Structure formats: structure tokens, C-alpha cells
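A.B. asks: Could you have a look at this structure, given as C-alpha cells, before my questions?
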Amino acid sequence: GDSVTQMEGPVTLSEEAFLTINCTYTATGYPSLFWYVQYPGEGLQLLLKATKADDKGSNKGFEATYRKETTSFHLEKGSVQVSDSAVYFCALKGKSGYALNFGKGTSLLVTP
Amino acid sequence: NAGVTQTPKFQVLKTGQSMTLQCAQDMNHEYMSWYRQDPGMGLRLIHYSVGAGITDQGEVPNGYNVSRSTTEDFPLRLLSAAPSQTSVYFCATHPPGGETQYFGPGTRLLVL
């Protein structure tokens with residue numbers, strides 16, 4: 001079945017450091033890929049998405065590129081801020097599916 | 001618009017008690033889902049619905065019942081709570097063909 005694997009956390013970075021959170025997937029066909037973010041005490045919010053191979057999703061300085069050849073959708077940001085501290089979830093939705101398959105989440109802590 | 005609302009925000013139950021977690025949306029989305037979030041497990045799908053009168057099981061449906069009598073509401077029922085159901089529960093919606101899911105703020109449940 002469809003599944004998502006993302007790097008284990010927690011990840012601790014200093015402000016202005018470069019961020020990469022790895023995400024790989026297993027799915028039949030061409031799923032849509034997502035990154036959701038969960039700030040402390042809140043629900044999940046969509047951060048960015050890509051619906052076909054080679055698409056790049058971007059939002060709030062975060063980027064991720066849909067790589068079909070490596071089945072990956074790594075999240076990157078060039079300069080993190082303290083306000084980026086949150087849990088980040090990679091997810092996929094198959095074309096015939098109704099709901100999302102989530103990775104286990106990666107906790108990010110950015111220190112001043 | 002309130003979006004997706006969930007009540008209660010927090011609940012403590014004793015083993016064997018029953019309760020209903022409420023989810024309501026004013027976005028007129030046909031698809032609604034219930035997820036549970038556990039540490040190190042990410043989010044796992046419990047049940048979902050593609051419209052009023054139609055529900056189906058997700059990855060972890062045991063111990064939970066759902067019904068969908070209206071587009072707006074999708075309650076999740078625990079008939080006999082168990083400590084293993086201690087978790088944070090999220091409701092989500094999206095329109096048919098839509099890629100983005102919209103999450104409620106969550107209900108934190110503790111079963112003693």
C-alpha cells in the first residue's frame with residue numbers, strides 16, 4: 001500500500017541555518033504530495049503541495065520538489081526562524097484515495 | 001466562516017465509558033475524515049465519509065463508530081473507551097477532487 005517515510009527528529013537548528021527534512025514515498029501511479037505543519041497546540045495546516053512530477057511547491061520560504069525518479073519530496077528552507085519551530089508532516093494522496101497517508105512527523109526546534 | 005470546529009477540546013474518560021467527539025464544518029465539503037495522532041506514529045486514518053449517508057473504514061477503525069446524516073457534521077463515537085484510545089483526534093474535510101485537506105483544532109482525549 002501507499003506509505004510515506006520521513007526523517008526522524010527532533011531536529012535542532014540555530015536561527016538562519018539551512019533546513020532539509022527528507023521525505024520519500026511508496027505509491028502506485030502518481031500521487032499528490034504535501035507538507036503539513038503543526039504549530040504547538042494547534043491543528044495541521046497545509047504548508048505546500050505538488051501534484052505531478054517535477055512540480056515545485058513553495059510557501060513562506062519553504063520549498064519541495066516532486067522527484068518521481070527518486071520518489072522523494074524533501075522540504076527545504078534557506079534560513080529558518082524561531083517561528084518555524086513546529087512539527088512537519090509529509091503526506092501523500094493517491095489519485096483514487098480519499099484521505100491522506102502521513103509520515104510520522106519531524107519536530108523542528110529553532111534556537112536564537 | 002468558522003471552517004472546521006471540534007468539541008470538546010479536552011476530555012477525560014474512565015475505561016468503559018462512552019462519548020462522542022463532535023466535528024462540524026461550514027465549508028460545504030463532501031469529504032470528511034477522522035484521524036488520530038499518537039507520538040511517533042504520525043496521523044492515522046480512523047474513518048472517512050464521502051458524503052451524507054456514506055462512511056468507510058480507514059487504517060485503525062476498531063473501537064470507533066461514525067455516521068454522516070448531514071454534510072456539516074461527522075461525529076466519532078467511542079462505545080466503550082479503552083486506555084489505548086488515549087490520543088489527539090483530528091477531523092478534516094476537503095471537497096471532491098480537491099487536494100487540500102482542512103483540519104480542525106483537535107480533541108485531546110485521556111482514558112484512565
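Labels used: A, B, ... for chains in the order of the C-alpha cells, numbers from 1 for residues in each chain, and numbers from 1 for ligands as shown.
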Compute the set of chain A residues within 7 Å of chain B, using only C-alpha atoms, and express it as a ChimeraX atom specification.
C.D. replies: /A:42-45,102-105
A.B. asks: Keeping all heavy atoms for every residue in the selection just given, could you write it to a file as a PDB file, in the first residue's frame?
C.D. replies:
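That gives us result.pdb:
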```pdb
ATOM      1  N   GLU A  42      -1.845  23.380  18.109  1.00  0.00           N
ATOM      2  CA  GLU A  42      -2.772  23.664  17.009  1.00  0.00           C
ATOM      3  C   GLU A  42      -2.974  22.442  16.129  1.00  0.00           C
ATOM      4  O   GLU A  42      -2.295  21.431  16.246  1.00  0.00           O
ATOM      5  CB  GLU A  42      -2.240  24.822  16.175  1.00  0.00           C
ATOM      6  CG  GLU A  42      -2.100  26.127  16.943  1.00  0.00           C
ATOM      7  CD  GLU A  42      -1.664  27.271  16.048  1.00  0.00           C
ATOM      8  OE1 GLU A  42      -1.656  27.109  14.810  1.00  0.00           O
ATOM      9  OE2 GLU A  42      -1.345  28.335  16.600  1.00  0.00           O
ATOM     10  N   GLY A  43      -3.943  22.569  15.215  1.00  0.00           N
ATOM     11  CA  GLY A  43      -4.161  21.536  14.213  1.00  0.00           C
ATOM     12  C   GLY A  43      -3.165  21.672  13.070  1.00  0.00           C
ATOM     13  O   GLY A  43      -2.299  22.538  13.074  1.00  0.00           O
ATOM     14  N   LEU A  44      -3.297  20.799  12.081  1.00  0.00           N
ATOM     15  CA  LEU A  44      -2.383  20.819  10.947  1.00  0.00           C
ATOM     16  C   LEU A  44      -2.818  21.859   9.927  1.00  0.00           C
ATOM     17  O   LEU A  44      -4.012  22.053   9.687  1.00  0.00           O
ATOM     18  CB  LEU A  44      -2.338  19.448  10.272  1.00  0.00           C
ATOM     19  CG  LEU A  44      -1.454  18.391  10.916  1.00  0.00           C
ATOM     20  CD1 LEU A  44      -2.061  17.886  12.207  1.00  0.00           C
ATOM     21  CD2 LEU A  44      -1.215  17.238   9.954  1.00  0.00           C
ATOM     22  N   GLN A  45      -1.810  22.483   9.300  1.00  0.00           N
ATOM     23  CA  GLN A  45      -2.078  23.437   8.228  1.00  0.00           C
ATOM     24  C   GLN A  45      -1.271  23.018   7.014  1.00  0.00           C
ATOM     25  O   GLN A  45      -0.124  22.596   7.146  1.00  0.00           O
ATOM     26  CB  GLN A  45      -1.632  24.853   8.624  1.00  0.00           C
ATOM     27  CG  GLN A  45      -2.194  25.385   9.895  1.00  0.00           C
ATOM     28  CD  GLN A  45      -1.549  26.707  10.265  1.00  0.00           C
ATOM     29  OE1 GLN A  45      -1.033  27.436   9.423  1.00  0.00           O
ATOM     30  NE2 GLN A  45      -1.573  27.035  11.553  1.00  0.00           N
ATOM     31  N   PHE A 102       0.089   9.818   6.032  1.00  0.00           N
ATOM     32  CA  PHE A 102       1.069  10.703   6.650  1.00  0.00           C
ATOM     33  C   PHE A 102       2.333   9.966   7.043  1.00  0.00           C
ATOM     34  O   PHE A 102       2.296   8.796   7.423  1.00  0.00           O
ATOM     35  CB  PHE A 102       0.491  11.323   7.930  1.00  0.00           C
ATOM     36  CG  PHE A 102      -0.496  12.420   7.694  1.00  0.00           C
ATOM     37  CD1 PHE A 102      -1.837  12.135   7.584  1.00  0.00           C
ATOM     38  CD2 PHE A 102      -0.080  13.737   7.593  1.00  0.00           C
ATOM     39  CE1 PHE A 102      -2.760  13.143   7.369  1.00  0.00           C
ATOM     40  CE2 PHE A 102      -0.982  14.757   7.388  1.00  0.00           C
ATOM     41  CZ  PHE A 102      -2.324  14.461   7.270  1.00  0.00           C
ATOM     42  N   GLY A 103       3.453  10.699   6.994  1.00  0.00           N
ATOM     43  CA  GLY A 103       4.648  10.248   7.666  1.00  0.00           C
ATOM     44  C   GLY A 103       4.501  10.465   9.164  1.00  0.00           C
ATOM     45  O   GLY A 103       3.493  11.009   9.644  1.00  0.00           O
ATOM     46  N   LYS A 104       5.519  10.062   9.926  1.00  0.00           N
ATOM     47  CA  LYS A 104       5.421  10.116  11.385  1.00  0.00           C
ATOM     48  C   LYS A 104       5.661  11.510  11.946  1.00  0.00           C
ATOM     49  O   LYS A 104       5.448  11.735  13.135  1.00  0.00           O
ATOM     50  CB  LYS A 104       6.394   9.124  12.014  1.00  0.00           C
ATOM     51  CG  LYS A 104       6.042   7.679  11.705  1.00  0.00           C
ATOM     52  CD  LYS A 104       6.988   6.710  12.403  1.00  0.00           C
ATOM     53  CE  LYS A 104       6.551   5.268  12.110  1.00  0.00           C
ATOM     54  NZ  LYS A 104       7.426   4.285  12.802  1.00  0.00           N
ATOM     55  N   GLY A 105       6.108  12.426  11.112  1.00  0.00           N
ATOM     56  CA  GLY A 105       6.340  13.781  11.578  1.00  0.00           C
ATOM     57  C   GLY A 105       7.777  14.009  12.015  1.00  0.00           C
ATOM     58  O   GLY A 105       8.431  13.106  12.545  1.00  0.00           O
TER      59      GLY A 105
END
```
A.B. asks: Any chance you could list, as a list in words, the residues in stretch 10-52 of chain A that come up strand (DSSP E or B) when DSSP is run on the backbone?
C.D. replies: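 Those in stretch 10-52 of chain A that DSSP calls strand (DSSP E or B) are Val11, Thr12, Leu13, Ser14, Leu19, Thr20, Ile21, Cys23, Thr24, Tyr25, Thr26, Ser32, Leu33, Phe34, Trp35, Tyr36, Val37, Gln38, Leu44, Gln45, Leu46, Leu47, Leu48, Lys49 and Ala50 of chain A.
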A.B. asks: Could you name the residues that touch A:Leu19 at 8 Å or less, counting only C-alpha atoms, but leaving out those on the same chain fewer than 2 positions away, as an mmCIF file with all heavy atoms, in the first residue's frame?
C.D. replies:
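selection_30.cif, freshly written:
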```cif
data_model
loop_
_atom_site.group_PDB
_atom_site.id
_atom_site.type_symbol
_atom_site.label_atom_id
_atom_site.label_comp_id
_atom_site.auth_asym_id
_atom_site.auth_seq_id
_atom_site.Cartn_x
_atom_site.Cartn_y
_atom_site.Cartn_z
ATOM 1 N N LEU A 13 18.111 23.453 15.132
ATOM 2 C CA LEU A 13 18.938 24.328 14.310
ATOM 3 C C LEU A 13 19.021 25.704 14.938
ATOM 4 O O LEU A 13 18.107 26.129 15.659
ATOM 5 C CB LEU A 13 18.343 24.472 12.907
ATOM 6 C CG LEU A 13 18.302 23.234 12.017
ATOM 7 C CD1 LEU A 13 17.540 23.539 10.739
ATOM 8 C CD2 LEU A 13 19.700 22.755 11.706
ATOM 9 N N ALA A 17 19.957 29.077 9.920
ATOM 10 C CA ALA A 17 20.565 27.865 9.344
ATOM 11 C C ALA A 17 19.700 27.344 8.202
ATOM 12 O O ALA A 17 18.518 27.694 8.068
ATOM 13 C CB ALA A 17 20.725 26.800 10.420
ATOM 14 N N ILE A 21 14.435 18.526 5.446
ATOM 15 C CA ILE A 21 13.748 17.389 6.053
ATOM 16 C C ILE A 21 13.426 16.423 4.920
ATOM 17 O O ILE A 21 12.709 16.762 3.985
ATOM 18 C CB ILE A 21 12.454 17.801 6.784
ATOM 19 C CG1 ILE A 21 12.752 18.794 7.893
ATOM 20 C CG2 ILE A 21 11.774 16.558 7.365
ATOM 21 C CD1 ILE A 21 11.513 19.297 8.629
ATOM 22 N N LEU A 75 11.746 18.649 2.034
ATOM 23 C CA LEU A 75 11.406 20.022 2.402
ATOM 24 C C LEU A 75 12.685 20.800 2.701
ATOM 25 O O LEU A 75 13.552 20.309 3.430
ATOM 26 C CB LEU A 75 10.503 20.025 3.634
ATOM 27 C CG LEU A 75 10.020 21.389 4.114
ATOM 28 C CD1 LEU A 75 9.052 22.004 3.105
ATOM 29 C CD2 LEU A 75 9.359 21.266 5.490
ATOM 30 N N GLU A 76 12.790 22.016 2.150
ATOM 31 C CA GLU A 76 13.971 22.846 2.359
ATOM 32 C C GLU A 76 13.573 24.280 2.665
ATOM 33 O O GLU A 76 12.543 24.768 2.194
ATOM 34 C CB GLU A 76 14.874 22.832 1.114
ATOM 35 C CG GLU A 76 15.447 21.474 0.773
ATOM 36 C CD GLU A 76 16.355 21.517 -0.432
ATOM 37 O OE1 GLU A 76 16.197 22.444 -1.258
ATOM 38 O OE2 GLU A 76 17.217 20.635 -0.559
ATOM 39 N N LYS A 77 14.437 24.929 3.459
ATOM 40 C CA LYS A 77 14.308 26.362 3.671
ATOM 41 C C LYS A 77 15.707 26.921 3.866
ATOM 42 O O LYS A 77 16.505 26.359 4.620
ATOM 43 C CB LYS A 77 13.440 26.695 4.877
ATOM 44 C CG LYS A 77 13.192 28.201 5.021
ATOM 45 C CD LYS A 77 12.212 28.529 6.130
ATOM 46 C CE LYS A 77 11.904 30.032 6.109
ATOM 47 N NZ LYS A 77 10.991 30.446 7.204
ATOM 48 N N GLY A 78 15.986 28.026 3.222
ATOM 49 C CA GLY A 78 17.342 28.548 3.219
ATOM 50 C C GLY A 78 17.775 29.175 4.535
ATOM 51 O O GLY A 78 18.954 29.144 4.889
ATOM 52 N N SER A 79 16.830 29.740 5.289
ATOM 53 C CA SER A 79 17.184 30.442 6.510
ATOM 54 C C SER A 79 15.997 30.348 7.478
ATOM 55 O O SER A 79 15.008 31.059 7.328
ATOM 56 C CB SER A 79 17.504 31.909 6.208
ATOM 57 O OG SER A 79 17.771 32.638 7.389
ATOM 58 N N VAL A 80 16.133 29.453 8.454
ATOM 59 C CA VAL A 80 14.994 29.225 9.354
ATOM 60 C C VAL A 80 14.931 30.306 10.431
ATOM 61 O O VAL A 80 15.941 30.917 10.792
ATOM 62 C CB VAL A 80 15.061 27.832 10.012
ATOM 63 C CG1 VAL A 80 14.878 26.745 8.971
ATOM 64 C CG2 VAL A 80 16.364 27.638 10.783
#
```
A.B. asks: Excluding A:Tyr30 and its own-chain neighbours fewer than 4 positions away, which residues fall within 12 Å of it when counting only C-alpha atoms? Please give them as a compact mmCIF listing (two decimals) with N, CA, C and O atoms, in the first residue's frame.
C.D. replies:
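In the end it all went to selection-v3.txt:
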```
# COMPACT_ATOMS: atom_id res chain seq x y z
N ASP A 2 0.18 2.38 -0.11
CA ASP A 2 0.89 3.67 -0.12
C ASP A 2 1.49 3.95 1.25
O ASP A 2 0.88 3.66 2.28
N TYR A 25 8.55 8.32 -0.58
CA TYR A 25 7.23 7.71 -0.60
C TYR A 25 7.22 6.43 -1.42
O TYR A 25 8.08 6.21 -2.27
N THR A 26 6.20 5.63 -1.15
CA THR A 26 5.90 4.44 -1.94
C THR A 26 4.43 4.53 -2.33
O THR A 26 3.57 4.69 -1.46
N ALA A 50 2.46 19.50 -4.20
CA ALA A 50 2.82 19.31 -5.61
C ALA A 50 2.00 18.13 -6.12
O ALA A 50 1.86 17.12 -5.44
N THR A 51 1.44 18.28 -7.30
CA THR A 51 0.51 17.28 -7.79
C THR A 51 1.05 16.44 -8.94
O THR A 51 0.41 15.47 -9.34
N LYS A 52 2.21 16.80 -9.49
CA LYS A 52 2.78 15.97 -10.55
C LYS A 52 4.30 16.09 -10.53
O LYS A 52 4.87 17.01 -9.94
N ALA A 53 4.94 15.13 -11.19
CA ALA A 53 6.39 15.04 -11.19
C ALA A 53 7.03 16.34 -11.67
O ALA A 53 6.53 16.99 -12.59
N ASP A 54 8.11 16.72 -10.98
CA ASP A 54 8.91 17.91 -11.26
C ASP A 54 8.26 19.21 -10.81
O ASP A 54 8.87 20.28 -10.93
N TYR A 66 8.83 17.60 -6.32
CA TYR A 66 8.32 16.25 -6.54
C TYR A 66 9.28 15.54 -7.48
O TYR A 66 9.33 15.84 -8.68
N ARG A 67 10.03 14.57 -6.94
CA ARG A 67 11.01 13.82 -7.72
C ARG A 67 10.50 12.40 -7.93
O ARG A 67 10.56 11.57 -7.02
N LYS A 68 10.02 12.14 -9.13
CA LYS A 68 9.49 10.82 -9.43
C LYS A 68 10.60 9.77 -9.47
O LYS A 68 10.43 8.65 -9.00
N GLU A 69 11.76 10.15 -10.00
CA GLU A 69 12.85 9.19 -10.19
C GLU A 69 13.41 8.69 -8.87
O GLU A 69 13.88 7.56 -8.77
N THR A 71 11.50 9.07 -5.96
CA THR A 71 10.30 9.02 -5.09
C THR A 71 10.50 9.83 -3.83
O THR A 71 10.33 9.34 -2.70
N LEU A 92 0.91 11.94 1.42
CA LEU A 92 0.55 11.72 0.03
C LEU A 92 -0.92 11.34 -0.07
O LEU A 92 -1.52 10.84 0.87
N LYS A 93 -1.49 11.61 -1.21
CA LYS A 93 -2.84 11.17 -1.53
C LYS A 93 -2.83 10.54 -2.91
O LYS A 93 -2.47 11.19 -3.88
N GLY A 94 -3.19 9.27 -2.94
CA GLY A 94 -3.27 8.59 -4.22
C GLY A 94 -4.43 9.13 -5.04
O GLY A 94 -5.37 9.71 -4.50
N LYS A 95 -4.36 8.96 -6.32
CA LYS A 95 -5.38 9.54 -7.20
C LYS A 95 -6.74 8.92 -6.96
O LYS A 95 -7.77 9.53 -7.22
N SER A 96 -6.76 7.69 -6.46
CA SER A 96 -8.05 7.04 -6.20
C SER A 96 -8.42 7.08 -4.73
O SER A 96 -9.44 6.54 -4.34
N GLY A 97 -7.59 7.71 -3.92
CA GLY A 97 -7.84 7.72 -2.48
C GLY A 97 -8.63 8.93 -2.04
O GLY A 97 -8.71 9.94 -2.74
```
A.B. asks: Nearest to B:Asp73 among B:Gln25, B:Ser87, B:Thr5, B:Thr55, with distances taken over only C-alpha atoms: which residue is it?
C.D. replies: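 Closest to B:Asp73 of all the choices is B:Gln25.
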A.B. asks: Just to confirm, what's the straight-line distance from atom CA of A:Ser14 to atom CA of A:Ser107 in Å (one decimal)?
C.D. replies: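 Atom CA of A:Ser107 lies at a distance of 14.2 Å from atom CA of A:Ser14.
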A.B. asks: Which residues are close to B:Leu78, i.e. within 12 Å by only C-alpha atoms, leaving aside same-chain residues fewer than 4 positions away? Reply as a PyMOL selection string.
C.D. replies: chain B and resi 13-22+46+61-66+82-86+89+109+111
A.B. asks: So which residues touch A:Leu48 within 10 Å, counting only C-alpha atoms, skipping near sequence neighbours fewer than 6 positions away, as a PyMOL selection string?
C.D. replies: (chain A and resi 33-37+56-60+62-64+75+90) or (chain B and resi 100)
A.B. asks: Go ahead and save the residues from that selection, with N, CA and C atoms, as a PDB file, in the first residue's frame.
C.D. replies:
```pdb
ATOM      1  N   LEU A  33       1.537  15.074  -3.443  1.00  0.00           N
ATOM      2  CA  LEU A  33       2.400  15.122  -2.266  1.00  0.00           C
ATOM      3  C   LEU A  33       2.223  16.436  -1.531  1.00  0.00           C
ATOM      4  N   PHE A  34       2.336  16.363  -0.213  1.00  0.00           N
ATOM      5  CA  PHE A  34       2.051  17.522   0.634  1.00  0.00           C
ATOM      6  C   PHE A  34       3.067  17.608   1.774  1.00  0.00           C
ATOM      7  N   TRP A  35       3.259  18.826   2.244  1.00  0.00           N
ATOM      8  CA  TRP A  35       3.857  19.071   3.542  1.00  0.00           C
ATOM      9  C   TRP A  35       2.853  19.863   4.370  1.00  0.00           C
ATOM     10  N   TYR A  36       2.547  19.299   5.561  1.00  0.00           N
ATOM     11  CA  TYR A  36       1.705  19.987   6.525  1.00  0.00           C
ATOM     12  C   TYR A  36       2.572  20.381   7.724  1.00  0.00           C
ATOM     13  N   VAL A  37       2.170  21.470   8.384  1.00  0.00           N
ATOM     14  CA  VAL A  37       2.889  21.933   9.563  1.00  0.00           C
ATOM     15  C   VAL A  37       1.914  22.026  10.734  1.00  0.00           C
ATOM     16  N   LYS A  56       7.297  22.041  -8.248  1.00  0.00           N
ATOM     17  CA  LYS A  56       7.884  22.568  -7.020  1.00  0.00           C
ATOM     18  C   LYS A  56       6.804  23.312  -6.261  1.00  0.00           C
ATOM     19  N   GLY A  57       6.571  22.888  -5.025  1.00  0.00           N
ATOM     20  CA  GLY A  57       5.676  23.617  -4.143  1.00  0.00           C
ATOM     21  C   GLY A  57       6.489  24.583  -3.303  1.00  0.00           C
ATOM     22  N   SER A  58       5.916  25.759  -3.011  1.00  0.00           N
ATOM     23  CA  SER A  58       6.640  26.731  -2.200  1.00  0.00           C
ATOM     24  C   SER A  58       5.657  27.577  -1.413  1.00  0.00           C
ATOM     25  N   ASN A  59       6.105  27.987  -0.216  1.00  0.00           N
ATOM     26  CA  ASN A  59       5.281  28.823   0.645  1.00  0.00           C
ATOM     27  C   ASN A  59       6.122  29.258   1.832  1.00  0.00           C
ATOM     28  N   LYS A  60       6.039  30.510   2.206  1.00  0.00           N
ATOM     29  CA  LYS A  60       6.713  31.056   3.397  1.00  0.00           C
ATOM     30  C   LYS A  60       8.209  30.763   3.396  1.00  0.00           C
ATOM     31  N   PHE A  62       9.634  28.086   2.308  1.00  0.00           N
ATOM     32  CA  PHE A  62       9.851  26.641   2.209  1.00  0.00           C
ATOM     33  C   PHE A  62       9.623  26.187   0.764  1.00  0.00           C
ATOM     34  N   GLU A  63      10.394  25.169   0.367  1.00  0.00           N
ATOM     35  CA  GLU A  63      10.238  24.597  -0.975  1.00  0.00           C
ATOM     36  C   GLU A  63      10.359  23.081  -0.907  1.00  0.00           C
ATOM     37  N   ALA A  64       9.711  22.419  -1.861  1.00  0.00           N
ATOM     38  CA  ALA A  64       9.880  20.976  -2.017  1.00  0.00           C
ATOM     39  C   ALA A  64       9.585  20.632  -3.468  1.00  0.00           C
ATOM     40  N   LEU A  75      11.746  18.649   2.034  1.00  0.00           N
ATOM     41  CA  LEU A  75      11.406  20.022   2.402  1.00  0.00           C
ATOM     42  C   LEU A  75      12.685  20.800   2.701  1.00  0.00           C
ATOM     43  N   CYS A  90       5.068  15.038   6.184  1.00  0.00           N
ATOM     44  CA  CYS A  90       4.973  14.747   4.763  1.00  0.00           C
ATOM     45  C   CYS A  90       3.773  13.824   4.549  1.00  0.00           C
TER      46      CYS A  90
ATOM     47  N   THR B 100      -6.385  19.734  -1.097  1.00  0.00           N
ATOM     48  CA  THR B 100      -6.032  20.250   0.228  1.00  0.00           C
ATOM     49  C   THR B 100      -7.062  19.830   1.253  1.00  0.00           C
TER      50      THR B 100
END
```
A.B. asks: Which residues are close to B:Phe74, i.e. within 7 Å by only C-alpha atoms, leaving aside same-chain residues fewer than 4 positions away? Reply as a count of residues only.
C.D. replies: 5
A.B. asks: Calculate how many Å separate atom CA of A:Phe18 from atom CA of A:Tyr88, rounding to one decimal.
C.D. replies: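 Between atom CA of A:Phe18 and atom CA of A:Tyr88 the gap is 15.4 Å.
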A.B. asks: What does the distance from atom CA of A:Gln38 to atom CA of A:Val4 come to in Å, to one decimal?
C.D. replies: 17.3 Å
A.B. asks: Choose the residue, out of A:Leu46, A:Ala86, A:Ala99, A:Ala91, that has the smallest atom-to-atom separation from A:Val11; count only C-alpha atoms.
C.D. replies: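 The answer is A:Ala86, which sits nearest to A:Val11.
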